[in-house]
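Okay, query_3.cif is below, mmCIF, C-alpha atoms:
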data_protein
#
loop_
_atom_site.label_atom_id
_atom_site.label_comp_id
_atom_site.auth_asym_id
_atom_site.auth_seq_id
_atom_site.Cartn_x
_atom_site.Cartn_y
_atom_site.Cartn_z
CA MET A 1 0.00 0.00 0.00
CA ALA A 2 2.86 2.43 0.77
CA SER A 3 4.22 2.26 -2.78
CA ARG A 4 0.72 2.83 -4.17
CA LYS A 5 0.38 6.00 -2.12
CA THR A 6 3.58 7.51 -3.47
CA SER A 7 2.67 6.81 -7.08
CA LEU A 8 -0.91 8.07 -6.74
CA PRO A 9 -0.62 11.25 -4.64
CA ASN A 10 -4.17 12.34 -5.39
CA ARG A 11 -5.69 9.53 -3.42
CA ASP A 12 -5.24 11.40 -0.15
CA SER A 13 -7.70 14.09 -1.17
CA GLU A 14 -11.27 13.92 0.07
CA ASP A 15 -12.70 14.94 -3.26
CA LYS A 16 -14.82 12.43 -5.12
CA TYR A 17 -15.96 12.84 -8.69
CA SER A 18 -19.30 11.45 -9.85
CA ILE A 19 -19.58 11.09 -13.60
CA LEU A 20 -23.13 11.18 -14.91
CA LEU A 21 -23.66 9.24 -18.13
CA PRO A 22 -27.18 9.54 -19.47
CA THR A 23 -27.47 6.90 -22.17
CA TYR A 24 -29.93 6.05 -24.88
CA ASN A 25 -28.99 3.31 -27.32
CA GLU A 26 -25.29 3.40 -26.52
CA ARG A 27 -24.68 -0.34 -26.43
CA GLU A 28 -21.54 -0.03 -28.55
CA ASN A 29 -20.07 3.09 -26.99
CA LEU A 30 -20.80 2.50 -23.32
CA PRO A 31 -18.10 -0.14 -22.65
CA LEU A 32 -15.57 2.01 -24.45
CA ILE A 33 -16.34 5.19 -22.56
CA VAL A 34 -16.33 3.34 -19.24
CA TRP A 35 -13.00 1.69 -20.10
CA LEU A 36 -11.51 5.12 -20.87
CA LEU A 37 -12.90 6.61 -17.67
CA VAL A 38 -11.48 3.79 -15.58
CA LYS A 39 -8.12 4.15 -17.36
CA TYR A 40 -7.73 7.88 -16.83
CA PHE A 41 -9.09 7.96 -13.30
CA GLY A 42 -6.95 5.01 -12.40
CA GLU A 43 -3.85 6.77 -13.73
CA SER A 44 -4.65 10.05 -12.03
CA GLY A 45 -5.59 8.53 -8.69
CA TYR A 46 -8.67 10.63 -8.11
CA ASN A 47 -11.62 9.06 -6.36
CA TYR A 48 -14.58 8.53 -8.68
CA GLU A 49 -17.81 6.75 -9.54
CA VAL A 50 -19.65 6.38 -12.83
CA ILE A 51 -23.43 6.70 -12.71
CA ILE A 52 -25.13 5.27 -15.77
CA ILE A 53 -28.63 6.60 -16.32
CA ASP A 54 -30.19 4.56 -19.06
CA ASP A 55 -33.60 5.62 -20.33
CA GLY A 56 -34.97 2.21 -21.23
CA SER A 57 -32.79 1.75 -24.31
CA PRO A 58 -34.28 -0.86 -26.61
CA ASP A 59 -30.85 -1.97 -27.85
CA GLY A 60 -29.79 -3.57 -24.58
CA THR A 61 -27.54 -0.81 -23.22
CA LEU A 62 -28.58 -1.72 -19.67
CA GLY A 63 -27.44 -5.32 -20.14
CA VAL A 64 -24.01 -4.09 -21.19
CA ALA A 65 -23.96 -1.73 -18.22
CA GLU A 66 -24.63 -4.64 -15.88
CA GLN A 67 -21.70 -6.57 -17.35
CA LEU A 68 -19.47 -3.55 -16.82
CA GLN A 69 -20.64 -3.37 -13.25
CA LYS A 70 -19.54 -6.98 -12.73
CA ILE A 71 -16.15 -6.24 -14.26
CA TYR A 72 -15.36 -2.99 -12.47
CA GLY A 73 -17.33 -3.28 -9.26
CA GLU A 74 -20.57 -1.87 -7.91
CA ASP A 75 -18.76 0.87 -6.02
CA LYS A 76 -17.34 2.30 -9.22
CA ILE A 77 -20.18 1.65 -11.67
CA LEU A 78 -23.63 2.63 -10.47
CA LEU A 79 -26.74 1.85 -12.45
CA ARG A 80 -29.71 4.13 -12.01
CA PRO A 81 -31.90 3.42 -15.03
CA ARG A 82 -35.26 4.93 -15.86
CA ALA A 83 -38.22 3.41 -17.63
CA LYS A 84 -38.30 5.66 -20.67
CA LYS A 85 -36.63 8.60 -22.39
CA LEU A 86 -37.23 11.49 -20.03
CA GLY A 87 -34.77 14.17 -21.02
CA LEU A 88 -31.43 15.48 -19.89
CA GLY A 89 -32.45 17.85 -17.09
CA THR A 90 -34.33 15.16 -15.21
CA ALA A 91 -31.49 12.73 -15.87
CA TYR A 92 -29.12 15.10 -14.11
CA ILE A 93 -31.48 15.54 -11.17
CA HIS A 94 -31.88 11.78 -10.95
CA GLY A 95 -28.13 11.28 -11.13
CA ILE A 96 -27.33 13.94 -8.53
CA LYS A 97 -29.67 12.27 -6.05
CA HIS A 98 -27.57 9.11 -6.21
CA ALA A 99 -24.17 10.74 -6.46
CA THR A 100 -21.86 10.37 -3.48
CA GLY A 101 -19.19 12.65 -4.90
CA ASN A 102 -18.79 16.34 -4.11
CA PHE A 103 -18.12 17.07 -7.77
CA ILE A 104 -20.24 16.08 -10.75
CA ILE A 105 -18.92 15.59 -14.28
CA ILE A 106 -21.37 15.59 -17.13
CA MET A 107 -20.44 14.35 -20.57
CA ASP A 108 -21.73 12.58 -23.64
CA ALA A 109 -21.52 8.80 -23.73
CA ASP A 110 -20.91 8.60 -27.47
CA LEU A 111 -17.10 9.07 -27.39
CA SER A 112 -17.28 12.66 -28.67
CA HIS A 113 -16.01 13.71 -25.24
CA HIS A 114 -12.73 12.09 -24.25
CA PRO A 115 -12.08 11.25 -20.58
CA LYS A 116 -8.44 12.24 -20.95
CA PHE A 117 -9.54 15.84 -20.39
CA ILE A 118 -11.12 15.11 -17.02
CA PRO A 119 -7.85 15.33 -15.05
CA GLU A 120 -7.34 18.71 -16.77
CA PHE A 121 -10.82 19.79 -15.67
CA ILE A 122 -10.01 18.74 -12.12
CA GLU A 123 -6.72 20.60 -12.08
CA LYS A 124 -8.35 23.69 -13.54
CA GLN A 125 -11.04 23.57 -10.89
CA LYS A 126 -8.47 23.33 -8.12
CA GLU A 127 -6.46 26.16 -9.67
CA GLY A 128 -9.15 28.76 -9.14
CA ASP A 129 -11.66 26.93 -6.96
CA TYR A 130 -14.09 27.34 -9.83
CA ASP A 131 -17.74 26.55 -9.32
CA LEU A 132 -17.84 25.02 -12.75
CA VAL A 133 -15.33 24.13 -15.45
CA SER A 134 -16.51 24.00 -19.04
CA GLY A 135 -14.84 22.21 -21.93
CA THR A 136 -14.51 24.51 -24.92
CA ARG A 137 -14.04 23.63 -28.57
CA TYR A 138 -13.48 27.22 -29.56
CA LYS A 139 -10.47 28.36 -27.54
CA GLY A 140 -6.84 27.38 -27.19
CA ASN A 141 -6.14 24.06 -28.86
CA GLY A 142 -9.73 22.96 -28.55
CA GLY A 143 -11.29 21.78 -31.77
CA VAL A 144 -13.41 19.26 -33.62
CA TYR A 145 -12.95 16.26 -35.86
CA GLY A 146 -15.31 15.12 -38.57
CA TRP A 147 -17.13 18.39 -39.19
CA ASP A 148 -17.57 19.70 -42.72
CA LEU A 149 -17.48 23.39 -43.62
CA ARG A 150 -21.25 23.76 -43.28
CA ARG A 151 -21.24 22.42 -39.74
CA LYS A 152 -18.31 24.60 -38.71
CA LEU A 153 -19.93 27.68 -40.22
CA ILE A 154 -23.21 27.07 -38.42
CA SER A 155 -21.43 26.36 -35.17
CA ARG A 156 -19.24 29.47 -35.23
CA GLY A 157 -22.06 31.63 -36.54
CA ALA A 158 -24.43 30.49 -33.82
CA ASN A 159 -21.75 30.94 -31.16
CA PHE A 160 -20.99 34.47 -32.42
CA LEU A 161 -24.68 35.36 -32.28
CA THR A 162 -24.87 33.97 -28.76
CA GLN A 163 -21.82 35.94 -27.64
CA VAL A 164 -23.24 39.19 -29.04
CA LEU A 165 -26.70 38.74 -27.57
CA LEU A 166 -25.94 37.13 -24.23
CA ARG A 167 -22.31 38.11 -23.47
CA PRO A 168 -22.08 34.97 -21.35
CA GLY A 169 -18.45 35.05 -20.23
CA ALA A 170 -17.77 31.58 -21.59
CA SER A 171 -16.62 30.70 -25.08
CA ASP A 172 -18.56 27.46 -25.64
CA LEU A 173 -22.15 27.50 -24.49
CA THR A 174 -23.65 24.50 -26.21
CA GLY A 175 -20.94 22.16 -25.06
CA SER A 176 -21.96 19.51 -22.54
CA PHE A 177 -18.61 18.36 -21.19
CA ARG A 178 -18.40 20.04 -17.80
CA LEU A 179 -17.36 19.67 -14.20
CA TYR A 180 -19.59 21.19 -11.52
CA LYS A 181 -19.48 21.42 -7.78
CA LYS A 182 -22.40 19.29 -6.72
CA GLU A 183 -24.37 22.05 -4.99
CA VAL A 184 -23.79 24.37 -7.97
CA LEU A 185 -25.25 21.83 -10.41
CA GLU A 186 -28.19 21.27 -8.10
CA SER A 187 -29.04 24.95 -7.89
CA LEU A 188 -28.63 25.46 -11.64
CA VAL A 189 -30.71 22.48 -12.75
CA GLU A 190 -33.62 23.52 -10.59
CA ARG A 191 -33.60 26.96 -12.22
CA CYS A 192 -33.34 25.88 -15.85
CA VAL A 193 -36.40 25.34 -18.00
CA SER A 194 -35.10 24.74 -21.55
CA LYS A 195 -34.37 21.55 -23.42
CA GLY A 196 -31.58 20.20 -25.62
CA TYR A 197 -28.75 22.51 -26.69
CA VAL A 198 -30.47 25.45 -25.09
CA PHE A 199 -30.51 23.73 -21.71
CA GLN A 200 -26.71 23.67 -21.68
CA MET A 201 -26.66 27.34 -22.69
CA GLU A 202 -29.12 28.27 -20.00
CA MET A 203 -26.97 26.57 -17.36
CA ILE A 204 -24.03 28.84 -18.18
CA VAL A 205 -26.18 31.96 -18.38
CA ARG A 206 -27.80 31.24 -15.01
CA ALA A 207 -24.41 30.40 -13.54
CA ARG A 208 -23.23 33.85 -14.48
CA GLN A 209 -26.39 35.42 -13.10
CA LEU A 210 -25.75 33.73 -9.78
CA ASN A 211 -22.14 34.89 -9.88
CA TYR A 212 -20.63 31.43 -10.05
CA SER A 213 -17.06 31.32 -11.32
CA ILE A 214 -16.47 29.54 -14.61
CA GLY A 215 -13.17 28.05 -15.73
CA GLU A 216 -12.48 26.76 -19.23
CA VAL A 217 -10.40 23.91 -20.62
CA PRO A 218 -9.88 23.38 -24.38
CA ILE A 219 -11.17 19.99 -25.51
CA SER A 220 -11.25 18.07 -28.74
CA PHE A 221 -14.68 16.94 -29.89
CA VAL A 222 -14.55 13.87 -32.11
CA ASP A 223 -17.87 13.56 -33.82
CA ARG A 224 -19.82 10.32 -33.80
CA VAL A 225 -17.62 7.29 -34.09
CA TYR A 226 -20.70 5.15 -34.58
CA GLY A 227 -24.00 6.51 -35.76
CA GLU A 228 -25.02 9.76 -37.42
CA SER A 229 -24.51 13.29 -36.29
CA LYS A 230 -27.55 15.50 -35.98
CA LEU A 231 -27.73 19.12 -37.03
CA GLY A 232 -30.78 19.58 -39.21
CA GLY A 233 -33.22 22.40 -39.71
CA ASN A 234 -35.16 21.43 -36.62
CA GLU A 235 -32.14 21.78 -34.35
CA ILE A 236 -31.32 25.19 -35.82
CA VAL A 237 -34.87 26.47 -35.39
CA SER A 238 -35.12 25.31 -31.79
CA PHE A 239 -31.68 26.79 -31.09
CA VAL A 240 -32.74 30.21 -32.39
CA LYS A 241 -36.01 30.04 -30.45
CA GLY A 242 -34.11 29.12 -27.32
CA LEU A 243 -31.56 31.86 -27.83
CA ILE A 244 -34.27 34.51 -28.21
CA THR A 245 -36.02 33.20 -25.11
CA LEU A 246 -32.83 33.43 -23.08
CA PHE A 247 -32.18 36.89 -24.51
CA ALA A 248 -35.60 38.10 -23.44
CA THR A 249 -35.77 36.43 -20.06
CA THR A 250 -32.29 36.53 -18.51
CA MET B 1 -32.08 32.75 0.03
CA ARG B 2 -29.11 30.92 -1.36
CA ARG B 3 -25.62 32.06 -0.45
CA ALA B 4 -24.75 33.09 -3.99
CA GLU B 5 -27.93 35.16 -4.40
CA VAL B 6 -27.40 36.96 -1.13
CA ALA B 7 -23.80 37.68 -2.13
CA LEU B 8 -24.97 39.00 -5.50
CA GLU B 9 -27.59 41.17 -3.85
CA ARG B 10 -25.09 42.58 -1.35
CA ARG B 11 -22.58 43.38 -4.08
CA LEU B 12 -25.07 45.31 -6.16
CA PHE B 13 -27.16 46.95 -3.48
CA PRO B 14 -25.46 47.61 -0.17
CA SER B 15 -28.73 48.90 1.23
CA SER B 16 -31.15 47.03 -0.94
CA SER B 17 -34.77 48.00 -1.22
CA PRO B 18 -37.40 45.75 -2.78
CA GLU B 19 -38.13 48.16 -5.66
CA ILE B 20 -34.50 48.40 -6.76
CA LEU B 21 -34.21 44.66 -6.48
CA ALA B 22 -37.29 44.21 -8.65
CA ALA B 23 -35.91 46.56 -11.29
CA ALA B 24 -32.62 44.68 -11.35
CA LEU B 25 -34.39 41.37 -11.60
CA ILE B 26 -36.12 42.34 -14.85
CA MET B 27 -32.91 43.78 -16.33
CA THR B 28 -32.72 41.16 -19.02
CA LYS B 29 -30.32 41.36 -21.96
CA LEU B 30 -33.26 42.51 -24.07
CA VAL B 31 -33.98 45.38 -21.71
CA GLU B 32 -30.28 46.29 -21.64
CA TRP B 33 -30.19 46.39 -25.43
CA LEU B 34 -33.39 48.45 -25.69
CA PHE B 35 -32.02 50.86 -23.12
CA GLY B 36 -28.69 51.15 -24.93
CA VAL B 37 -30.35 51.63 -28.32
CA SER B 38 -32.69 54.28 -26.87
CA VAL B 39 -29.82 56.25 -25.38
CA VAL B 40 -27.76 56.12 -28.57
CA GLY B 41 -30.86 56.83 -30.68
CA ALA B 42 -31.77 59.84 -28.56
CA ALA B 43 -28.24 61.23 -28.77
CA TRP B 44 -28.23 60.74 -32.55
CA ALA B 45 -31.61 62.39 -33.02
CA LEU B 46 -30.55 65.25 -30.77
CA VAL B 47 -27.47 66.00 -32.84
CA SER B 48 -28.84 65.20 -36.29
CA PHE B 49 -32.05 67.15 -36.01
CA ASP B 50 -30.82 69.77 -33.58
CA LEU B 51 -33.72 69.03 -31.23
CA LEU B 52 -32.52 71.27 -28.46
CA ASP B 53 -31.54 74.18 -30.68
CA LEU B 54 -27.94 73.88 -29.61
CA SER B 55 -26.63 75.49 -32.84
CA LEU B 56 -23.93 72.86 -33.21
CA PRO B 57 -21.45 73.29 -36.07
CA GLN B 58 -22.70 71.89 -39.39
CA THR B 59 -19.95 69.22 -39.45
CA TYR B 60 -21.33 67.59 -36.29
CA ARG B 61 -24.71 67.16 -37.90
CA GLU B 62 -23.23 65.96 -41.19
CA VAL B 63 -21.21 63.30 -39.42
CA ALA B 64 -23.91 62.22 -36.99
CA TRP B 65 -26.65 61.75 -39.56
CA PRO B 66 -25.24 58.68 -41.39
CA MET B 67 -23.74 57.18 -38.24
CA PRO B 68 -26.42 54.55 -37.54
CA LEU B 69 -26.15 53.13 -41.03
CA TYR B 70 -22.36 53.31 -40.94
CA LEU B 71 -22.19 51.55 -37.59
CA LEU B 72 -24.62 48.87 -38.74
CA VAL B 73 -22.63 48.14 -41.88
CA SER B 74 -19.39 48.18 -39.90
CA PHE B 75 -20.81 45.70 -37.44
CA GLY B 76 -21.95 43.50 -40.31
CA CYS B 77 -18.46 43.53 -41.80
CA TYR B 78 -16.91 42.83 -38.42
CA SER B 79 -19.26 39.89 -37.91
CA LEU B 80 -18.46 38.39 -41.30
CA ALA B 81 -14.75 38.82 -40.79
CA THR B 82 -14.81 37.38 -37.27
CA VAL B 83 -16.95 34.35 -38.09
CA GLY B 84 -14.94 33.76 -41.27
CA TYR B 85 -11.67 33.90 -39.35
CA ARG B 86 -12.98 31.59 -36.65
CA VAL B 87 -14.22 29.05 -39.18
CA ALA B 88 -10.89 29.16 -41.00
CA THR B 89 -8.93 28.64 -37.78
CA PHE B 90 -11.27 26.05 -36.31
CA ASN B 91 -8.87 23.32 -35.16
CA ASP B 92 -9.23 19.92 -36.80
CA CYS B 93 -8.35 17.29 -34.27
CA ASP B 94 -6.92 14.61 -36.53
CA GLU B 95 -4.52 13.43 -33.84
CA ALA B 96 -7.33 13.07 -31.36
CA ALA B 97 -9.38 10.99 -33.77
CA LYS B 98 -6.45 8.66 -34.50
CA GLU B 99 -5.68 8.29 -30.83
CA LEU B 100 -9.31 7.47 -30.13
CA GLN B 101 -9.39 4.80 -32.82
CA GLY B 102 -6.32 3.20 -31.33
CA GLN B 103 -7.78 3.29 -27.85
CA ILE B 104 -11.05 1.79 -29.05
CA LYS B 105 -9.16 -1.25 -30.34
CA GLU B 106 -7.23 -1.51 -27.11
CA ALA B 107 -10.41 -1.19 -25.07
CA LYS B 108 -12.30 -3.84 -27.03
CA GLU B 109 -9.43 -6.29 -26.62
CA ASP B 110 -9.07 -5.61 -22.92
CA LEU B 111 -12.81 -5.84 -22.27
CA ARG B 112 -13.04 -9.08 -24.19
CA LYS B 113 -10.34 -10.51 -21.94
CA LYS B 114 -12.24 -9.32 -18.90
CA GLY B 115 -15.31 -11.19 -20.08
CA LEU B 116 -17.47 -8.58 -21.76
CA LYS B 117 -19.81 -10.01 -24.37
CA MET B 118 -20.87 -7.49 -26.99
#

Written form, structure tokens:
Amino acid sequence: MASRKTSLPNRDSEDKYSILLPTYNERENLPLIVWLLVKYFGESGYNYEVIIIDDGSPDGTLGVAEQLQKIYGEDKILLRPRAKKLGLGTAYIHGIKHATGNFIIIMDADLSHHPKFIPEFIEKQKEGDYDLVSGTRYKGNGGVYGWDLRRKLISRGANFLTQVLLRPGASDLTGSFRLYKKEVLESLVERCVSKGYVFQMEMIVRARQLNYSIGEVPISFVDRVYGESKLGGNEIVSFVKGLITLFATT
Amino acid sequence: MRRAEVALERRLFPSSSPEILAAALIMTKLVEWLFGVSVVGAAWALVSFDLLDLSLPQTYREVAWPMPLYLLVSFGCYSLATVGYRVATFNDCDEAAKELQGQIKEAKEDLRKKGLKM
């Protein structure tokens, strides 16, 4: 045990990180993301747990999650499934209730967010005692893979519009790879009313309203390894509607 | 009230009264913008149409009159240039994608050994 302590200095800390993974039809990606989480948390020595919130996936995601639980242990992999697809906000609330960590990490389970950035999030948080740390694709050496010109144009255009209208103090508002202090996430989720992309935007806007401090870490976003990416007319319309709502109400 | 809200309130209003608090609470971005536009619009109208009979020099009026249009066009150009620049310099994470592919293979192999059935 003594040699373990010297090679994993972070284990002495009392901080515990709960990773919330809302899943829907992620049978292929779930084992991979869990493997990566275990790898990077194991290497960094931080205390963690992974909470898988499956919304009744018809493809058997829950079965895979149960196998992972057997492999990695019930203290590290928690299953808190729900009967049907109920949305991200309620998934977070559900996850927070069962989280034993004092920090919550939210991310996508489809491998577009890479766990290797989590130790960077943690260090950033400690650096400034930030209330939340947001992964950004738009600053530093953050970036994307697999996006064509159209997608990049829409993304940057929408972000520019958001910056002009909302002046949010964060460079990437629609990103969903973030680290929150548990009580901060709780207070934000109960105040937010939007859905989808706009929900993530509203979280940052409300965080600023409540004077929470926001740190940023550049991340790389690798678009859908399996499956199709979604950015159609519907998404754009609901984004604009959401942006205008936030503009008029916050 | 939550700690953060009380702190916010104290920072803005050392001796807060409910009415001031209410006004601040409806100070949305929209209201800010409308306020800003009204102030600038009033100043522009004042100078351009000499509303207060200030007998300003003719040059002031000549410059002020096209300002709104000029500023709008300038902002449009700035927006195009900024978004264009940001799209052009949007990092492509080829390395990250390769690394991920490699790790996926490694993960599948390791999980198979540990008994995962896909």

Report the closest atom pair, with its distance in Å rounded to one decimal, for each residue of chain A that has an atom no farther than 8 Å from chain B; count all atoms listed in the file, sort by chain and then rising residue number, and write it as CSV.
residue,atom,partner,partner_atom,distance
A:Glu28,CA,B:Met118,CA,7.7
A:Pro31,CA,B:Leu111,CA,7.8
A:Leu32,CA,B:Ala107,CA,6.1
A:Trp35,CA,B:Ala107,CA,6.3
A:Leu36,CA,B:Ala107,CA,7.7
A:Val64,CA,B:Met118,CA,7.4
A:Gln67,CA,B:Leu116,CA,6.4
A:Leu68,CA,B:Leu116,CA,7.3
A:Ile71,CA,B:Lys114,CA,6.8
A:Tyr138,CA,B:Phe90,CA,7.2
A:Asn141,CA,B:Asn91,CA,6.9
A:Gly142,CA,B:Asn91,CA,6.7
A:Gly143,CA,B:Asn91,CA,4.4
A:Val144,CA,B:Asp92,CA,5.3
A:Tyr145,CA,B:Cys93,CA,5.0
A:Gly146,CA,B:Asp92,CA,7.9
A:Leu149,CA,B:Val87,CA,7.9
A:Lys152,CA,B:Val87,CA,6.1
A:Leu153,CA,B:Val87,CA,6.0
A:Arg156,CA,B:Val83,CA,6.1
A:Gly157,CA,B:Val83,CA,6.0
A:Phe160,CA,B:Val83,CA,7.0
A:Leu165,CA,B:Lys29,CA,7.2
A:Leu166,CA,B:Lys29,CA,6.5
A:Leu210,CA,B:Ala4,CA,5.9
A:Asn211,CA,B:Leu8,CA,6.6
A:Tyr212,CA,B:Ala4,CA,7.5
A:Ser220,CA,B:Cys93,CA,6.3
A:Phe221,CA,B:Cys93,CA,7.7
A:Val222,CA,B:Ala97,CA,6.1
A:Phe247,CA,B:Lys29,CA,5.5
A:Ala248,CA,B:Leu30,CA,5.0
A:Thr249,CA,B:Thr28,CA,5.7
A:Thr250,CA,B:Thr28,CA,4.7

Polymer residues at most 12 Å from (-23.7, 69.1, -39.0) by all atoms listed in the file, as a CSV table (one decimal) with C-alpha atoms, keeping the file's coordinate frame:
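Output contents, as saved in selection.csv:
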chain,number,residue,atom,x,y,z
B,44,TRP,CA,-28.2,60.7,-32.6
B,45,ALA,CA,-31.6,62.4,-33.0
B,46,LEU,CA,-30.6,65.2,-30.8
B,47,VAL,CA,-27.5,66.0,-32.8
B,48,SER,CA,-28.8,65.2,-36.3
B,49,PHE,CA,-32.0,67.2,-36.0
B,50,ASP,CA,-30.8,69.8,-33.6
B,54,LEU,CA,-27.9,73.9,-29.6
B,55,SER,CA,-26.6,75.5,-32.8
B,56,LEU,CA,-23.9,72.9,-33.2
B,57,PRO,CA,-21.4,73.3,-36.1
B,58,GLN,CA,-22.7,71.9,-39.4
B,59,THR,CA,-20.0,69.2,-39.4
B,60,TYR,CA,-21.3,67.6,-36.3
B,61,ARG,CA,-24.7,67.2,-37.9
B,62,GLU,CA,-23.2,66.0,-41.2
B,63,VAL,CA,-21.2,63.3,-39.4
B,64,ALA,CA,-23.9,62.2,-37.0
B,65,TRP,CA,-26.6,61.8,-39.6
B,66,PRO,CA,-25.2,58.7,-41.4
B,67,MET,CA,-23.7,57.2,-38.2

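With atom CA of B:Leu71 on one side and atom CA of A:Pro168 on the other, the separation reads 23.2 Å.
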
Open item on the list: Using Å and a single decimal, report how far atom CA of A:Leu111 sits from atom CA of A:Leu231.
Closed with: 17.5 Å

Open item on the list: Here's the selection I'm unsure about, the PyMOL selection byres ((chain A and resi 77) around 9); applied to the file above, which residues does it give, as JSON, numbers by chain?
Closed with: {"A": [34, 49, 50, 51, 52, 65, 66, 68, 69, 70, 72, 73, 74, 75, 76, 78, 79]}

- [ ] Convert the output of the PyMOL selection byres ((chain A and resi 116) around 10) on the shown file into explicit residues, formatted as a VMD selection string.
- [x] chain A and resid 36 to 37 39 to 41 44 113 to 115 117 to 121 219

Open item on the list: To one decimal place in Å, what is the distance between atom CA of A:Glu216 and atom CA of A:Leu161?
Closed with: 19.8 Å

Since fewer atoms than expected are present, regenerate N, CA, C and O atoms for stretch 25-39 of chain B and write them as a PDB file, keeping the file's coordinate frame.
ATOM      1  N   LEU B  25     -34.023  42.724 -11.217  1.00  0.00           N
ATOM      2  CA  LEU B  25     -34.390  41.370 -11.600  1.00  0.00           C
ATOM      3  C   LEU B  25     -34.968  41.312 -13.009  1.00  0.00           C
ATOM      4  O   LEU B  25     -34.910  40.297 -13.666  1.00  0.00           O
ATOM      5  N   ILE B  26     -35.594  42.392 -13.501  1.00  0.00           N
ATOM      6  CA  ILE B  26     -36.120  42.340 -14.850  1.00  0.00           C
ATOM      7  C   ILE B  26     -35.147  42.976 -15.830  1.00  0.00           C
ATOM      8  O   ILE B  26     -35.488  43.237 -16.962  1.00  0.00           O
ATOM      9  N   MET B  27     -33.904  43.219 -15.412  1.00  0.00           N
ATOM     10  CA  MET B  27     -32.910  43.780 -16.330  1.00  0.00           C
ATOM     11  C   MET B  27     -32.357  42.657 -17.173  1.00  0.00           C
ATOM     12  O   MET B  27     -31.252  42.190 -16.983  1.00  0.00           O
ATOM     13  N   THR B  28     -33.152  42.217 -18.122  1.00  0.00           N
ATOM     14  CA  THR B  28     -32.720  41.160 -19.020  1.00  0.00           C
ATOM     15  C   THR B  28     -31.809  41.762 -20.086  1.00  0.00           C
ATOM     16  O   THR B  28     -31.689  42.980 -20.216  1.00  0.00           O
ATOM     17  N   LYS B  29     -31.181  40.893 -20.870  1.00  0.00           N
ATOM     18  CA  LYS B  29     -30.320  41.360 -21.960  1.00  0.00           C
ATOM     19  C   LYS B  29     -31.148  42.188 -22.946  1.00  0.00           C
ATOM     20  O   LYS B  29     -30.671  43.187 -23.488  1.00  0.00           O
ATOM     21  N   LEU B  30     -32.378  41.787 -23.152  1.00  0.00           N
ATOM     22  CA  LEU B  30     -33.260  42.510 -24.070  1.00  0.00           C
ATOM     23  C   LEU B  30     -33.475  43.940 -23.575  1.00  0.00           C
ATOM     24  O   LEU B  30     -33.351  44.903 -24.339  1.00  0.00           O
ATOM     25  N   VAL B  31     -33.769  44.067 -22.291  1.00  0.00           N
ATOM     26  CA  VAL B  31     -33.980  45.380 -21.710  1.00  0.00           C
ATOM     27  C   VAL B  31     -32.716  46.221 -21.799  1.00  0.00           C
ATOM     28  O   VAL B  31     -32.763  47.409 -22.136  1.00  0.00           O
ATOM     29  N   GLU B  32     -31.562  45.589 -21.522  1.00  0.00           N
ATOM     30  CA  GLU B  32     -30.280  46.290 -21.640  1.00  0.00           C
ATOM     31  C   GLU B  32     -30.093  46.850 -23.034  1.00  0.00           C
ATOM     32  O   GLU B  32     -29.693  47.995 -23.222  1.00  0.00           O
ATOM     33  N   TRP B  33     -30.343  45.986 -24.028  1.00  0.00           N
ATOM     34  CA  TRP B  33     -30.190  46.390 -25.430  1.00  0.00           C
ATOM     35  C   TRP B  33     -31.134  47.537 -25.777  1.00  0.00           C
ATOM     36  O   TRP B  33     -30.725  48.517 -26.414  1.00  0.00           O
ATOM     37  N   LEU B  34     -32.408  47.402 -25.385  1.00  0.00           N
ATOM     38  CA  LEU B  34     -33.390  48.450 -25.690  1.00  0.00           C
ATOM     39  C   LEU B  34     -32.968  49.772 -25.068  1.00  0.00           C
ATOM     40  O   LEU B  34     -33.039  50.838 -25.697  1.00  0.00           O
ATOM     41  N   PHE B  35     -32.480  49.666 -23.831  1.00  0.00           N
ATOM     42  CA  PHE B  35     -32.020  50.860 -23.120  1.00  0.00           C
ATOM     43  C   PHE B  35     -30.853  51.504 -23.866  1.00  0.00           C
ATOM     44  O   PHE B  35     -30.843  52.710 -24.129  1.00  0.00           O
ATOM     45  N   GLY B  36     -29.869  50.654 -24.215  1.00  0.00           N
ATOM     46  CA  GLY B  36     -28.690  51.150 -24.930  1.00  0.00           C
ATOM     47  C   GLY B  36     -29.060  51.785 -26.258  1.00  0.00           C
ATOM     48  O   GLY B  36     -28.593  52.883 -26.597  1.00  0.00           O
ATOM     49  N   VAL B  37     -29.925  51.107 -27.012  1.00  0.00           N
ATOM     50  CA  VAL B  37     -30.350  51.630 -28.320  1.00  0.00           C
ATOM     51  C   VAL B  37     -31.101  52.951 -28.138  1.00  0.00           C
ATOM     52  O   VAL B  37     -30.913  53.900 -28.924  1.00  0.00           O
ATOM     53  N   SER B  38     -31.945  53.038 -27.110  1.00  0.00           N
ATOM     54  CA  SER B  38     -32.690  54.280 -26.870  1.00  0.00           C
ATOM     55  C   SER B  38     -31.739  55.436 -26.583  1.00  0.00           C
ATOM     56  O   SER B  38     -31.910  56.540 -27.125  1.00  0.00           O
ATOM     57  N   VAL B  39     -30.758  55.182 -25.736  1.00  0.00           N
ATOM     58  CA  VAL B  39     -29.820  56.250 -25.380  1.00  0.00           C
ATOM     59  C   VAL B  39     -29.056  56.727 -26.615  1.00  0.00           C
ATOM     60  O   VAL B  39     -28.974  57.931 -26.903  1.00  0.00           O
TER      61      VAL B  39
END
